[in-house]
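Trainee: What follows is data05.cif; its format and atoms are mmCIF, C-alpha atoms and all ligand atoms.
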data_coords
#
loop_
_atom_site.label_atom_id
_atom_site.label_comp_id
_atom_site.auth_asym_id
_atom_site.auth_seq_id
_atom_site.Cartn_x
_atom_site.Cartn_y
_atom_site.Cartn_z
CA MET F 1 98.51 89.81 100.51
CA LYS F 2 97.52 90.01 96.84
CA ASN F 3 96.84 93.65 95.95
CA ILE F 4 98.79 96.04 98.14
CA LEU F 5 98.60 99.81 98.65
CA VAL F 6 101.57 101.60 100.25
CA ILE F 7 100.64 105.16 101.20
CA GLY F 8 103.44 107.49 102.30
CA ALA F 9 105.53 105.55 99.76
CA ALA F 10 108.04 108.33 99.02
CA GLY F 11 109.37 108.45 102.59
CA GLN F 12 112.25 106.78 104.41
CA ILE F 13 110.48 103.42 104.91
CA GLY F 14 108.08 103.50 101.94
CA SER F 15 110.76 103.97 99.30
CA GLU F 16 112.43 100.70 100.35
CA LEU F 17 109.26 98.78 101.29
CA VAL F 18 107.70 99.35 97.85
CA THR F 19 110.69 97.83 96.05
CA GLU F 20 110.75 94.78 98.34
CA LEU F 21 106.97 94.23 98.06
CA ARG F 22 107.13 94.51 94.25
CA LYS F 23 109.94 91.93 94.27
CA GLN F 24 107.98 89.49 96.47
CA TYR F 25 104.37 90.05 95.30
CA GLY F 26 104.75 91.26 91.68
CA ILE F 27 105.16 94.71 90.15
CA ASN F 28 101.50 94.93 89.09
CA ASN F 29 100.21 94.04 92.57
CA VAL F 30 101.72 96.94 94.50
CA VAL F 31 100.34 100.49 94.27
CA ALA F 32 102.67 103.18 95.61
CA ALA F 33 100.93 106.39 96.74
CA ASP F 34 102.06 109.67 98.24
CA ILE F 35 101.01 113.32 98.31
CA ASN F 36 104.42 114.24 96.94
CA LEU F 37 106.32 112.60 94.09
CA SER F 38 109.39 114.83 94.20
CA ALA F 39 111.31 112.32 96.33
CA ASN F 40 112.08 108.90 94.85
CA ALA F 41 110.07 109.47 91.66
CA GLU F 42 112.25 106.99 89.77
CA VAL F 43 111.74 104.19 92.30
CA LEU F 44 108.01 104.77 92.65
CA LYS F 45 107.30 105.19 88.93
CA ALA F 46 108.98 101.83 88.21
CA GLY F 47 105.49 100.43 88.97
CA ILE F 48 101.99 101.75 89.64
CA PHE F 49 101.90 105.17 91.34
CA GLU F 50 98.87 107.22 92.48
CA GLU F 51 99.05 110.72 93.90
CA ILE F 52 96.84 110.71 97.02
CA ASP F 53 96.38 113.00 99.99
CA ILE F 54 95.49 110.67 102.87
CA LEU F 55 92.95 113.26 103.99
CA ASP F 56 91.07 112.87 100.68
CA MET F 57 88.63 110.08 101.52
CA VAL F 58 87.02 110.06 98.04
CA LYS F 59 90.35 109.46 96.29
CA LEU F 60 91.30 106.79 98.83
CA TYR F 61 88.02 105.00 98.18
CA GLU F 62 88.46 105.22 94.37
CA VAL F 63 92.00 103.80 94.49
CA MET F 64 91.02 100.97 96.85
CA LYS F 65 88.22 100.04 94.45
CA LYS F 66 90.21 100.48 91.21
CA TYR F 67 92.99 98.09 92.28
CA GLN F 68 90.87 95.81 94.56
CA ILE F 69 93.26 96.46 97.42
CA ASP F 70 93.28 93.83 100.20
CA THR F 71 96.26 95.11 102.24
CA VAL F 72 97.32 98.67 103.10
CA PHE F 73 100.67 99.80 104.53
CA ASN F 74 100.07 103.23 106.08
CA LEU F 75 103.39 105.10 106.30
CA VAL F 76 102.02 108.64 106.41
CA ALA F 77 103.02 110.70 109.46
CA LEU F 78 104.74 113.82 110.65
CA LEU F 79 107.66 112.55 112.77
CA SER F 80 108.58 113.69 116.28
CA ALA F 81 110.61 116.87 115.68
CA LYS F 82 108.41 118.06 112.79
CA GLY F 83 105.36 117.38 114.97
CA GLU F 84 106.60 119.76 117.69
CA ASP F 85 106.86 122.49 115.00
CA GLU F 86 103.33 121.79 113.73
CA PRO F 87 101.24 120.05 116.40
CA PHE F 88 97.87 120.83 114.78
CA LEU F 89 98.95 119.42 111.41
CA SER F 90 100.55 116.43 113.16
CA TRP F 91 97.21 115.42 114.74
CA LYS F 92 95.30 116.13 111.51
CA VAL F 93 97.58 114.00 109.31
CA ASN F 94 98.66 111.24 111.72
CA VAL F 95 95.25 110.59 113.29
CA GLY F 96 92.87 112.05 110.65
CA GLY F 97 94.64 110.09 107.90
CA LEU F 98 94.51 106.87 109.93
CA VAL F 99 90.78 107.31 110.64
CA ASN F 100 90.13 107.66 106.87
CA LEU F 101 92.09 104.49 106.18
CA LEU F 102 90.31 102.57 108.94
CA TYR F 103 87.00 103.56 107.35
CA VAL F 104 87.93 102.46 103.81
CA CYS F 105 89.60 99.28 105.07
CA VAL F 106 86.35 98.27 106.79
CA GLU F 107 84.48 98.95 103.52
CA PHE F 108 86.89 96.79 101.47
CA LYS F 109 87.71 94.26 104.25
CA ALA F 110 91.39 95.09 103.75
CA ALA F 111 94.16 94.42 106.29
CA LEU F 112 95.95 97.52 107.62
CA PHE F 113 99.56 97.93 108.81
CA THR F 114 100.29 101.15 110.73
CA PRO F 115 103.64 101.69 112.45
CA SER F 116 103.78 103.02 115.96
CA SER F 117 107.06 104.10 117.53
CA ILE F 118 109.27 104.26 120.61
CA GLY F 119 107.67 107.73 120.69
CA ALA F 120 104.49 106.09 122.03
CA PHE F 121 106.26 105.91 125.41
CA GLY F 122 106.90 108.83 127.76
CA PRO F 123 108.71 109.97 130.90
CA GLY F 124 106.61 107.70 133.16
CA THR F 125 107.52 104.55 131.21
CA PRO F 126 110.30 102.23 132.54
CA ARG F 127 113.22 103.21 130.28
CA ASP F 128 115.28 100.02 130.43
CA ASN F 129 113.93 96.82 128.91
CA THR F 130 110.60 98.63 128.36
CA PRO F 131 107.83 95.99 128.51
CA GLN F 132 105.30 95.37 125.72
CA ASP F 133 102.42 96.40 128.01
CA THR F 134 103.31 99.33 130.23
CA ILE F 135 102.64 103.00 131.00
CA GLN F 136 102.15 105.10 127.81
CA ARG F 137 101.88 108.79 128.68
CA PRO F 138 104.03 110.52 126.02
CA ASN F 139 104.56 114.28 126.24
CA THR F 140 105.04 114.98 122.50
CA ILE F 141 102.24 115.43 119.94
CA TYR F 142 103.89 112.66 117.90
CA GLY F 143 103.58 110.30 120.87
CA VAL F 144 99.99 111.34 121.49
CA THR F 145 99.12 110.51 117.86
CA LYS F 146 100.97 107.18 118.09
CA VAL F 147 99.16 106.04 121.27
CA SER F 148 95.85 107.20 119.75
CA GLY F 149 96.68 105.25 116.59
CA GLU F 150 97.46 102.06 118.53
CA LEU F 151 94.16 102.35 120.43
CA LEU F 152 92.13 103.14 117.28
CA CYS F 153 93.59 100.14 115.46
CA ASP F 154 92.85 97.80 118.37
CA TYR F 155 89.33 99.26 118.61
CA TYR F 156 88.60 98.67 114.89
CA HIS F 157 89.87 95.11 115.24
CA LYS F 158 87.55 94.44 118.18
CA LYS F 159 84.52 96.35 116.88
CA PHE F 160 84.62 95.52 113.13
CA GLY F 161 86.97 92.51 112.98
CA LEU F 162 89.41 94.59 110.91
CA ASP F 163 92.83 92.93 110.50
CA THR F 164 94.95 95.75 111.96
CA ARG F 165 98.61 95.13 112.86
CA GLY F 166 101.50 97.36 113.91
CA LEU F 167 105.08 97.65 115.13
CA ARG F 168 106.64 100.10 117.55
CA TYR F 169 109.66 100.90 115.40
CA PRO F 170 112.80 102.31 117.01
CA GLY F 171 114.99 104.83 115.14
CA LEU F 172 115.55 103.53 111.61
CA ILE F 173 118.89 103.76 109.80
CA SER F 174 118.92 103.65 106.01
CA SER F 175 120.89 104.79 102.97
CA LEU F 176 118.29 105.43 100.24
CA THR F 177 115.99 108.16 101.60
CA PRO F 178 116.97 110.63 104.33
CA PRO F 179 114.81 110.61 107.47
CA GLY F 180 111.80 112.93 107.56
CA GLY F 181 112.30 115.07 110.71
CA GLY F 182 112.68 112.83 113.74
CA THR F 183 114.76 112.70 116.92
CA THR F 184 116.73 109.62 115.89
CA ASP F 185 117.80 111.22 112.56
CA TYR F 186 121.34 111.83 113.84
CA ALA F 187 122.05 108.10 113.46
CA VAL F 188 121.59 108.48 109.68
CA HIS F 189 123.12 111.96 109.17
CA ILE F 190 126.32 110.86 110.93
CA PHE F 191 127.12 108.36 108.15
CA TYR F 192 126.70 110.89 105.31
CA GLU F 193 128.92 113.43 107.11
CA ALA F 194 131.49 110.83 108.14
CA ILE F 195 132.04 110.03 104.45
CA GLU F 196 131.77 113.62 103.13
CA LYS F 197 133.55 115.62 105.89
CA GLY F 198 135.10 113.15 108.34
CA HIS F 199 133.30 115.06 111.09
CA TYR F 200 129.78 115.26 112.57
CA THR F 201 128.18 117.77 114.95
CA CYS F 202 125.52 115.88 116.89
CA PHE F 203 122.32 117.49 118.22
CA LEU F 204 121.97 114.94 121.06
CA LYS F 205 124.29 114.44 124.07
CA SER F 206 126.99 111.78 123.73
CA ASP F 207 125.34 109.37 126.23
CA THR F 208 121.75 109.51 124.87
CA GLN F 209 120.98 105.82 124.36
CA MET F 210 118.00 104.74 122.23
CA ASP F 211 116.81 101.67 120.34
CA MET F 212 117.71 101.53 116.64
CA MET F 213 117.23 99.23 113.65
CA TYR F 214 118.67 98.90 110.15
CA MET F 215 116.14 99.29 107.33
CA PRO F 216 116.38 95.75 105.90
CA ASP F 217 115.24 94.40 109.29
CA ALA F 218 112.46 97.02 109.50
CA ILE F 219 111.14 95.98 106.07
CA ASP F 220 111.33 92.26 106.94
CA ALA F 221 109.48 92.93 110.20
CA ALA F 222 106.56 94.68 108.47
CA ILE F 223 106.13 91.94 105.85
CA GLN F 224 106.63 89.10 108.36
CA LEU F 225 104.04 90.58 110.74
CA MET F 226 101.48 91.00 107.93
CA GLU F 227 102.06 87.38 106.86
CA ALA F 228 101.88 86.03 110.43
CA ASP F 229 99.18 83.54 111.44
CA PRO F 230 96.49 85.73 113.11
CA ALA F 231 95.62 82.91 115.52
CA LYS F 232 99.07 83.34 117.11
CA LEU F 233 98.79 87.12 117.66
CA LYS F 234 97.88 87.96 121.25
CA HIS F 235 98.93 91.57 120.63
CA ARG F 236 98.25 93.53 117.46
CA ASN F 237 98.85 97.27 117.87
CA ALA F 238 101.64 97.52 118.31
CA PHE F 239 104.59 95.15 118.91
CA ASN F 240 107.84 96.36 120.49
CA VAL F 241 110.70 95.51 118.07
CA THR F 242 114.37 96.36 118.29
CA SER F 243 117.74 95.07 117.13
CA MET F 244 120.39 97.33 118.71
CA GLN F 245 120.87 100.08 121.27
CA PHE F 246 123.57 102.74 121.19
CA ASP F 247 124.35 106.36 121.99
CA PRO F 248 126.17 108.84 119.70
CA GLU F 249 129.55 108.12 121.33
CA LYS F 250 129.25 104.36 120.79
CA LEU F 251 128.22 104.87 117.16
CA CYS F 252 131.17 107.25 116.66
CA LEU F 253 133.58 104.56 117.97
CA GLU F 254 132.03 102.02 115.59
CA ILE F 255 132.48 104.38 112.60
CA LYS F 256 136.09 105.06 113.67
CA LYS F 257 136.86 101.35 113.10
CA HIS F 258 136.34 102.12 109.37
CA ILE F 259 137.28 105.85 109.25
CA PRO F 260 139.99 106.23 111.95
CA ASN F 261 140.20 110.04 111.62
CA PHE F 262 136.45 110.54 112.07
CA THR F 263 135.59 113.09 114.80
CA ILE F 264 132.38 114.13 116.54
CA ASP F 265 131.38 117.17 118.59
CA TYR F 266 128.11 118.23 120.16
CA ASN F 267 125.73 121.18 119.75
CA ILE F 268 122.65 120.14 121.70
CA ASP F 269 119.16 120.90 120.41
CA PRO F 270 117.08 121.20 123.62
CA VAL F 271 113.80 120.18 121.92
CA ARG F 272 115.11 116.93 120.43
CA GLN F 273 117.20 116.21 123.58
CA ALA F 274 114.05 116.47 125.75
CA ILE F 275 112.19 114.14 123.37
CA ALA F 276 115.01 111.57 123.42
CA ASP F 277 115.23 111.76 127.23
CA SER F 278 111.54 110.80 127.46
CA TRP F 279 111.95 107.66 125.27
CA PRO F 280 113.12 104.12 126.21
CA ARG F 281 116.84 103.28 126.39
CA SER F 282 116.02 99.67 125.40
CA LEU F 283 112.85 97.78 124.48
CA ASP F 284 111.77 94.27 125.49
CA ASP F 285 110.62 92.72 122.21
CA SER F 286 109.99 89.19 123.51
CA CYS F 287 106.27 89.25 122.53
CA ALA F 288 107.21 89.85 118.87
CA ARG F 289 109.77 87.04 119.06
CA GLU F 290 107.23 84.64 120.63
CA GLU F 291 104.07 85.54 118.67
CA TRP F 292 105.42 85.83 115.11
CA GLY F 293 109.10 84.87 115.18
CA TRP F 294 110.82 88.29 115.10
CA ASN F 295 114.57 87.76 114.74
CA PRO F 296 116.61 90.68 113.37
CA LYS F 297 119.76 90.12 111.33
CA TYR F 298 121.80 93.30 111.91
CA ASN F 299 123.69 94.56 114.97
CA ILE F 300 125.66 97.84 115.28
CA SER F 301 128.80 96.37 113.65
CA SER F 302 127.15 94.76 110.63
CA MET F 303 124.85 97.78 110.13
CA THR F 304 127.78 100.25 110.24
CA GLU F 305 129.84 98.19 107.81
CA ASP F 306 126.94 97.91 105.36
CA MET F 307 125.88 101.59 105.62
CA LEU F 308 129.41 102.79 104.82
CA LYS F 309 129.78 100.31 101.97
CA VAL F 310 126.43 101.26 100.35
CA LEU F 311 126.90 105.02 100.80
CA ARG F 312 130.45 104.96 99.39
CA LYS F 313 129.19 103.03 96.37
CA SER F 314 126.40 105.55 95.71
CA LYS F 315 128.83 108.56 95.74
P1 LIG A 1 108.72 109.92 106.23
O1 LIG A 1 108.49 111.25 106.83
O2 LIG A 1 110.05 109.61 105.65
O3 LIG A 1 107.62 109.65 105.09
C1 LIG A 1 106.28 110.00 105.23
C2 LIG A 1 105.67 110.14 103.85
O4 LIG A 1 104.31 110.53 104.01
C3 LIG A 1 106.36 111.22 102.99
O5 LIG A 1 106.75 110.68 101.74
C4 LIG A 1 105.27 112.28 102.80
O6 LIG A 1 105.29 112.91 101.53
C5 LIG A 1 103.99 111.45 102.97
N1 LIG A 1 102.84 112.27 103.37
C6 LIG A 1 102.82 113.29 104.25
N2 LIG A 1 101.58 113.82 104.33
C7 LIG A 1 100.81 113.10 103.47
C8 LIG A 1 99.44 113.15 103.12
N3 LIG A 1 98.62 114.07 103.62
N4 LIG A 1 98.96 112.24 102.23
C9 LIG A 1 99.80 111.32 101.66
N5 LIG A 1 101.11 111.23 101.96
C10 LIG A 1 101.60 112.11 102.85
O7 LIG A 1 108.32 108.83 107.35
P2 LIG A 1 108.95 107.38 107.58
O8 LIG A 1 110.20 107.57 108.36
O9 LIG A 1 108.98 106.61 106.34
O10 LIG A 1 107.88 106.78 108.62
C11 LIG A 1 106.77 106.02 108.20
C12 LIG A 1 105.99 105.58 109.43
O11 LIG A 1 106.86 104.86 110.31
C13 LIG A 1 105.42 106.73 110.27
O12 LIG A 1 104.20 106.34 110.82
C14 LIG A 1 106.45 106.91 111.38
O13 LIG A 1 105.86 107.44 112.54
C15 LIG A 1 106.86 105.47 111.60
N6 LIG A 1 108.18 105.36 112.24
C16 LIG A 1 109.29 105.76 111.57
C17 LIG A 1 110.53 105.68 112.21
C18 LIG A 1 111.79 106.11 111.54
O14 LIG A 1 112.85 106.14 112.19
N7 LIG A 1 111.77 106.44 110.24
C19 LIG A 1 110.61 105.19 113.52
C20 LIG A 1 109.43 104.83 114.17
C21 LIG A 1 108.22 104.89 113.50
N1 LIG A 2 112.57 108.03 114.22
C1 LIG A 2 111.34 108.52 114.78
C2 LIG A 2 111.51 109.90 115.30
O1 LIG A 2 112.61 110.19 115.77
C3 LIG A 2 110.89 107.62 115.91
O2 LIG A 2 109.56 107.38 115.76
O3 LIG A 2 110.59 110.67 115.28
#
For this file, produce the structure as structure tokens.
Ligand code: NAD
Ligand code: SER
Mentor:
Amino acid sequence: MKNILVIGAAGQIGSELVTELRKQYGINNVVAADINLSANAEVLKAGIFEEIDILDMVKLYEVMKKYQIDTVFNLVALLSAKGEDEPFLSWKVNVGGLVNLLYVCVEFKAALFTPSSIGAFGPGTPRDNTPQDTIQRPNTIYGVTKVSGELLCDYYHKKFGLDTRGLRYPGLISSLTPPGGGTTDYAVHIFYEAIEKGHYTCFLKSDTQMDMMYMPDAIDAAIQLMEADPAKLKHRNAFNVTSMQFDPEKLCLEIKKHIPNFTIDYNIDPVRQAIADSWPRSLDDSCAREEWGWNPKYNISSMTEDMLKVLRKSK
């Protein structure tokens, strides 16, 4: 990776990925791009920033050419809950945007990273220890766009030799940028409210277990996968990755170790509960471990300790 474009850079992942890439590859070799600069303007403007709508193919082409981009991180998407509110826009942005990037990446022979999600699985998928290769019949528009994205990326690799790679991220927990409208968002909100109010009202049932990951591991995974020896990759789009599984009750008990008076109650959102109930309870990520050495650093205890420390410091 020499000249990198991160599109969707103002979001939960992008805002942290851009800083790490600039640290590792040089501030002048990373172009941050987003349709919206209101979030994280300070972080993004610390280096090169371009305002781009992923649906604007002409602008994408111009930016790829101007900076001689050889690697693109595509972080643009409407997440699962937002997608159910706006299914038409979800397809247009998630799939239409990806198709534009696939086109320009073929033109410039650039590698392309596009995250998939646990949302690419559905009610027919085995929910425990979900295999890398299994049934994928999601019943959300987000999931439909994620499966379509995985297939499109594999197709462009086979048809045009494009270097496409991807991860099926679980719910991501981070302290810099709030999540953008997903089903796993509770696992971030709970930390803010634990510190501010000592109480959290959760929109999922207490025993809703899902895969989760702390942002530093998610960032490492993306960079490590894009640096991996292609000869070793039997899979490409997209690898199951995980580092912890918990439900709201278990996370509450973990937070209580640091804030003993913390309390939780439940006011269930039926839409997000139904989405969570259709997703895996735990992923099998052995292919990622075997093919490119995936090995996360954080578990629920170390993640909770670090989240509380970082959030308290930023208050
Ligand atoms: P996010 O919602 O926080 O950020 C998305 C960014 O895309 C936003 O900054 C938004 O302004 C930008 N954007 C939206 N429409 C655009 C357009 N037309 N042109 C240019 N930019 C546009 O999302 P995120 O959480 O950072 O997720 C990034 C990727 O990772 C997505 O593909 C998502 O599906 C995937 N993922 C995220 C999680 C998670 O928990 N955050 C889990 C699994 C997969
Ligand atoms: N965190 C994401 C969501 O809940 C998973 O892809 O939508």
Trainee: Taking (127.5, 121.5, 116.4) as a centre in this file's frame and 6 Å as the limit, can you find every polymer residue with an atom that close, using only C-alpha atoms, and give them as a PDB file with C-alpha atoms, in the frame of the given file?
Mentor:
ATOM      1  CA  THR F 201     128.180 117.770 114.950  1.00  0.00           C
ATOM      2  CA  CYS F 202     125.520 115.880 116.890  1.00  0.00           C
ATOM      3  CA  TYR F 266     128.110 118.230 120.160  1.00  0.00           C
ATOM      4  CA  ASN F 267     125.730 121.180 119.750  1.00  0.00           C
TER       5      ASN F 267
END
Trainee: Hey, which of F:Ser90, F:Thr242, F:Ser80, F:Ser117 ends up closest to F:Tyr214? Count only C-alpha atoms.
Mentor: F:Thr242
Trainee: Counting all atoms listed in the file, which residues of chain F fall within 10 Å of ligand LIG 2 (chain A), and what is the closest atom pair for each with its distance in Å at one decimal, ordered by chain and rising number, as a Markdown table?
Mentor:
| residue | atom | partner | partner_atom | distance |
| --- | --- | --- | --- | --- |
| F:Gln12 | CA | A:LIG2 | N1 | 9.9 |
| F:Ala77 | CA | A:LIG2 | O3 | 9.5 |
| F:Leu78 | CA | A:LIG2 | O3 | 8.1 |
| F:Leu79 | CA | A:LIG2 | O3 | 4.3 |
| F:Ser80 | CA | A:LIG2 | O3 | 3.8 |
| F:Ala81 | CA | A:LIG2 | O3 | 6.2 |
| F:Lys82 | CA | A:LIG2 | O3 | 8.1 |
| F:Gly83 | CA | A:LIG2 | O3 | 8.5 |
| F:Pro115 | CA | A:LIG2 | O2 | 8.9 |
| F:Ser116 | CA | A:LIG2 | O2 | 7.2 |
| F:Ser117 | CA | A:LIG2 | O2 | 4.5 |
| F:Ile118 | CA | A:LIG2 | O2 | 5.8 |
| F:Gly119 | CA | A:LIG2 | O2 | 5.3 |
| F:Ala120 | CA | A:LIG2 | O2 | 8.2 |
| F:Tyr142 | CA | A:LIG2 | O3 | 7.5 |
| F:Gly143 | CA | A:LIG2 | O2 | 8.4 |
| F:Lys146 | CA | A:LIG2 | O2 | 8.9 |
| F:Arg168 | CA | A:LIG2 | O2 | 8.0 |
| F:Tyr169 | CA | A:LIG2 | O2 | 6.5 |
| F:Pro170 | CA | A:LIG2 | C3 | 5.7 |
| F:Gly171 | CA | A:LIG2 | N1 | 4.1 |
| F:Leu172 | CA | A:LIG2 | N1 | 6.0 |
| F:Ile173 | CA | A:LIG2 | N1 | 8.8 |
| F:Pro179 | CA | A:LIG2 | N1 | 7.6 |
| F:Gly180 | CA | A:LIG2 | O3 | 8.1 |
| F:Gly181 | CA | A:LIG2 | O3 | 6.6 |
| F:Gly182 | CA | A:LIG2 | O1 | 3.3 |
| F:Thr183 | CA | A:LIG2 | O1 | 3.5 |
| F:Thr184 | CA | A:LIG2 | O1 | 4.2 |
| F:Asp185 | CA | A:LIG2 | O1 | 6.2 |
| F:Tyr186 | CA | A:LIG2 | O1 | 9.1 |
| F:Ala187 | CA | A:LIG2 | N1 | 9.5 |
| F:Met210 | CA | A:LIG2 | C3 | 9.9 |
| F:Asp211 | CA | A:LIG2 | C3 | 9.5 |
| F:Met212 | CA | A:LIG2 | N1 | 8.6 |
| F:Met213 | CA | A:LIG2 | N1 | 10.0 |
| F:Arg272 | CA | A:LIG2 | O1 | 8.6 |
| F:Ile275 | CA | A:LIG2 | O1 | 8.6 |
| F:Ala276 | CA | A:LIG2 | O1 | 8.1 |
| F:Trp279 | CA | A:LIG2 | C3 | 9.4 |
Trainee: Scan for residues within 9 Å of the point (134.0, 112.8, 112.2) in the coordinates of the file, using all atoms listed in the file, and reply as a list in words.
Mentor: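 Residues with an atom at most 9 Å from (134.0, 112.8, 112.2): Ile190, Glu193, Ala194, Ile195, Lys197, Gly198, His199, Tyr200, Thr201, Cys252, Ile255, Lys256, Ile259, Pro260, Asn261, Phe262, Thr263, Ile264 and Asp265 of chain F.
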Trainee: Tell me, in Å to one decimal, how far atom CA of F:Leu44 is from atom N7 of ligand LIG 1 (chain A).
Mentor: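 Atom CA of F:Leu44 sits 18.1 Å away from atom N7 of ligand LIG 1 (chain A).
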Trainee: Could you check the closest approach to ligand LIG 1 (chain A) for each of F:Ile4, F:Ile13, F:Ala222, F:Val95 and tell me which residue wins, using all atoms listed in the file?
Mentor: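 Counting all atoms listed in the file, the residue closest to ligand LIG 1 (chain A) is F:Ile13.
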Trainee: Please provide as number ranges by chain all residues within 12 Å of stretch 227-236 of chain F, with the sequence filter that same-chain residues fewer than 2 positions apart are discarded (counting only C-alpha atoms).
Mentor: F: 1-2, 71, 111-116, 132-133, 149-158, 161-168, 220-225, 238-240, 285-294
Trainee: Filtering to C-alpha atoms, could you give me those residues as a PDB file, in the frame of the given file?
Mentor:
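Dumped everything to result-v7.pdb:
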ATOM      1  CA  MET F   1      98.510  89.810 100.510  1.00  0.00           C
ATOM      2  CA  LYS F   2      97.520  90.010  96.840  1.00  0.00           C
ATOM      3  CA  THR F  71      96.260  95.110 102.240  1.00  0.00           C
ATOM      4  CA  ALA F 111      94.160  94.420 106.290  1.00  0.00           C
ATOM      5  CA  LEU F 112      95.950  97.520 107.620  1.00  0.00           C
ATOM      6  CA  PHE F 113      99.560  97.930 108.810  1.00  0.00           C
ATOM      7  CA  THR F 114     100.290 101.150 110.730  1.00  0.00           C
ATOM      8  CA  PRO F 115     103.640 101.690 112.450  1.00  0.00           C
ATOM      9  CA  SER F 116     103.780 103.020 115.960  1.00  0.00           C
ATOM     10  CA  GLN F 132     105.300  95.370 125.720  1.00  0.00           C
ATOM     11  CA  ASP F 133     102.420  96.400 128.010  1.00  0.00           C
ATOM     12  CA  GLY F 149      96.680 105.250 116.590  1.00  0.00           C
ATOM     13  CA  GLU F 150      97.460 102.060 118.530  1.00  0.00           C
ATOM     14  CA  LEU F 151      94.160 102.350 120.430  1.00  0.00           C
ATOM     15  CA  LEU F 152      92.130 103.140 117.280  1.00  0.00           C
ATOM     16  CA  CYS F 153      93.590 100.140 115.460  1.00  0.00           C
ATOM     17  CA  ASP F 154      92.850  97.800 118.370  1.00  0.00           C
ATOM     18  CA  TYR F 155      89.330  99.260 118.610  1.00  0.00           C
ATOM     19  CA  TYR F 156      88.600  98.670 114.890  1.00  0.00           C
ATOM     20  CA  HIS F 157      89.870  95.110 115.240  1.00  0.00           C
ATOM     21  CA  LYS F 158      87.550  94.440 118.180  1.00  0.00           C
ATOM     22  CA  GLY F 161      86.970  92.510 112.980  1.00  0.00           C
ATOM     23  CA  LEU F 162      89.410  94.590 110.910  1.00  0.00           C
ATOM     24  CA  ASP F 163      92.830  92.930 110.500  1.00  0.00           C
ATOM     25  CA  THR F 164      94.950  95.750 111.960  1.00  0.00           C
ATOM     26  CA  ARG F 165      98.610  95.130 112.860  1.00  0.00           C
ATOM     27  CA  GLY F 166     101.500  97.360 113.910  1.00  0.00           C
ATOM     28  CA  LEU F 167     105.080  97.650 115.130  1.00  0.00           C
ATOM     29  CA  ARG F 168     106.640 100.100 117.550  1.00  0.00           C
ATOM     30  CA  ASP F 220     111.330  92.260 106.940  1.00  0.00           C
ATOM     31  CA  ALA F 221     109.480  92.930 110.200  1.00  0.00           C
ATOM     32  CA  ALA F 222     106.560  94.680 108.470  1.00  0.00           C
ATOM     33  CA  ILE F 223     106.130  91.940 105.850  1.00  0.00           C
ATOM     34  CA  GLN F 224     106.630  89.100 108.360  1.00  0.00           C
ATOM     35  CA  LEU F 225     104.040  90.580 110.740  1.00  0.00           C
ATOM     36  CA  ALA F 238     101.640  97.520 118.310  1.00  0.00           C
ATOM     37  CA  PHE F 239     104.590  95.150 118.910  1.00  0.00           C
ATOM     38  CA  ASN F 240     107.840  96.360 120.490  1.00  0.00           C
ATOM     39  CA  ASP F 285     110.620  92.720 122.210  1.00  0.00           C
ATOM     40  CA  SER F 286     109.990  89.190 123.510  1.00  0.00           C
ATOM     41  CA  CYS F 287     106.270  89.250 122.530  1.00  0.00           C
ATOM     42  CA  ALA F 288     107.210  89.850 118.870  1.00  0.00           C
ATOM     43  CA  ARG F 289     109.770  87.040 119.060  1.00  0.00           C
ATOM     44  CA  GLU F 290     107.230  84.640 120.630  1.00  0.00           C
ATOM     45  CA  GLU F 291     104.070  85.540 118.670  1.00  0.00           C
ATOM     46  CA  TRP F 292     105.420  85.830 115.110  1.00  0.00           C
ATOM     47  CA  GLY F 293     109.100  84.870 115.180  1.00  0.00           C
ATOM     48  CA  TRP F 294     110.820  88.290 115.100  1.00  0.00           C
TER      49      TRP F 294
END
Trainee: Padding 3 Å on each side, edges along x, y and z: where is the centre of the box around the listed atoms of stretch 212-218 of chain F, and how long are its edges in Å to one decimal? Output it as lines of an AutoDock Vina configuration file.
Mentor:
center_x = 115.6
center_y = 98.0
center_z = 111.3
size_x = 12.2
size_y = 13.1
size_z = 16.7
Trainee: Could you state the separation of atom O7 of ligand LIG 1 (chain A) and atom CA of F:Gly11 in Å, given to one decimal place?
Mentor: 4.9 Å
Trainee: Could you tell me how far atom CA of F:Pro123 lies from atom CA of F:Ile300, in Å and to one decimal?
Mentor: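 Interatomic distance here is 26.0 Å.
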Trainee: Would you pick out the contacts of F:Val310 at 12 Å or less, using all atoms listed in the file, so that residues sharing its chain but fewer than 5 positions from it are not included, and give the list as a tab-separated table (two decimals) with C-alpha atoms, in the frame of the given file?
Mentor:
chain	number	residue	atom	x	y	z
F	174	SER	CA	118.92	103.65	106.01
F	175	SER	CA	120.89	104.79	102.97
F	176	LEU	CA	118.29	105.43	100.24
F	191	PHE	CA	127.12	108.36	108.15
F	192	TYR	CA	126.70	110.89	105.31
F	195	ILE	CA	132.04	110.03	104.45
F	303	MET	CA	124.85	97.78	110.13
F	304	THR	CA	127.78	100.25	110.24
F	305	GLU	CA	129.84	98.19	107.81
F	315	LYS	CA	128.83	108.56	95.74
Trainee: Restricting the calculation to only C-alpha atoms and all ligand atoms: of F:Thr145, F:Thr130, F:Asn299, F:Gln24, which residue gets closest to ligand LIG 1 (chain A)?
Mentor: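 Closest to ligand LIG 1 (chain A) of all the choices is F:Thr145.
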Trainee: Counting all atoms listed in the file, which residue out of F:Leu21, F:Met226, F:Val188, F:Ile268 sits closest to F:Asp207?
Mentor: F:Ile268
Trainee: I'd like to know which of F:Leu101, F:Ala274, F:Gly8, F:Glu254 is closest to F:Thr140, using only C-alpha atoms.
Mentor: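 Smallest distance to F:Thr140 is found for F:Ala274.
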Trainee: Kindly indicate which residue among F:Tyr61, F:Tyr298, F:Tyr67, F:Phe121 lies nearest to F:Leu102, using only C-alpha atoms for the distances.
Mentor: F:Tyr61
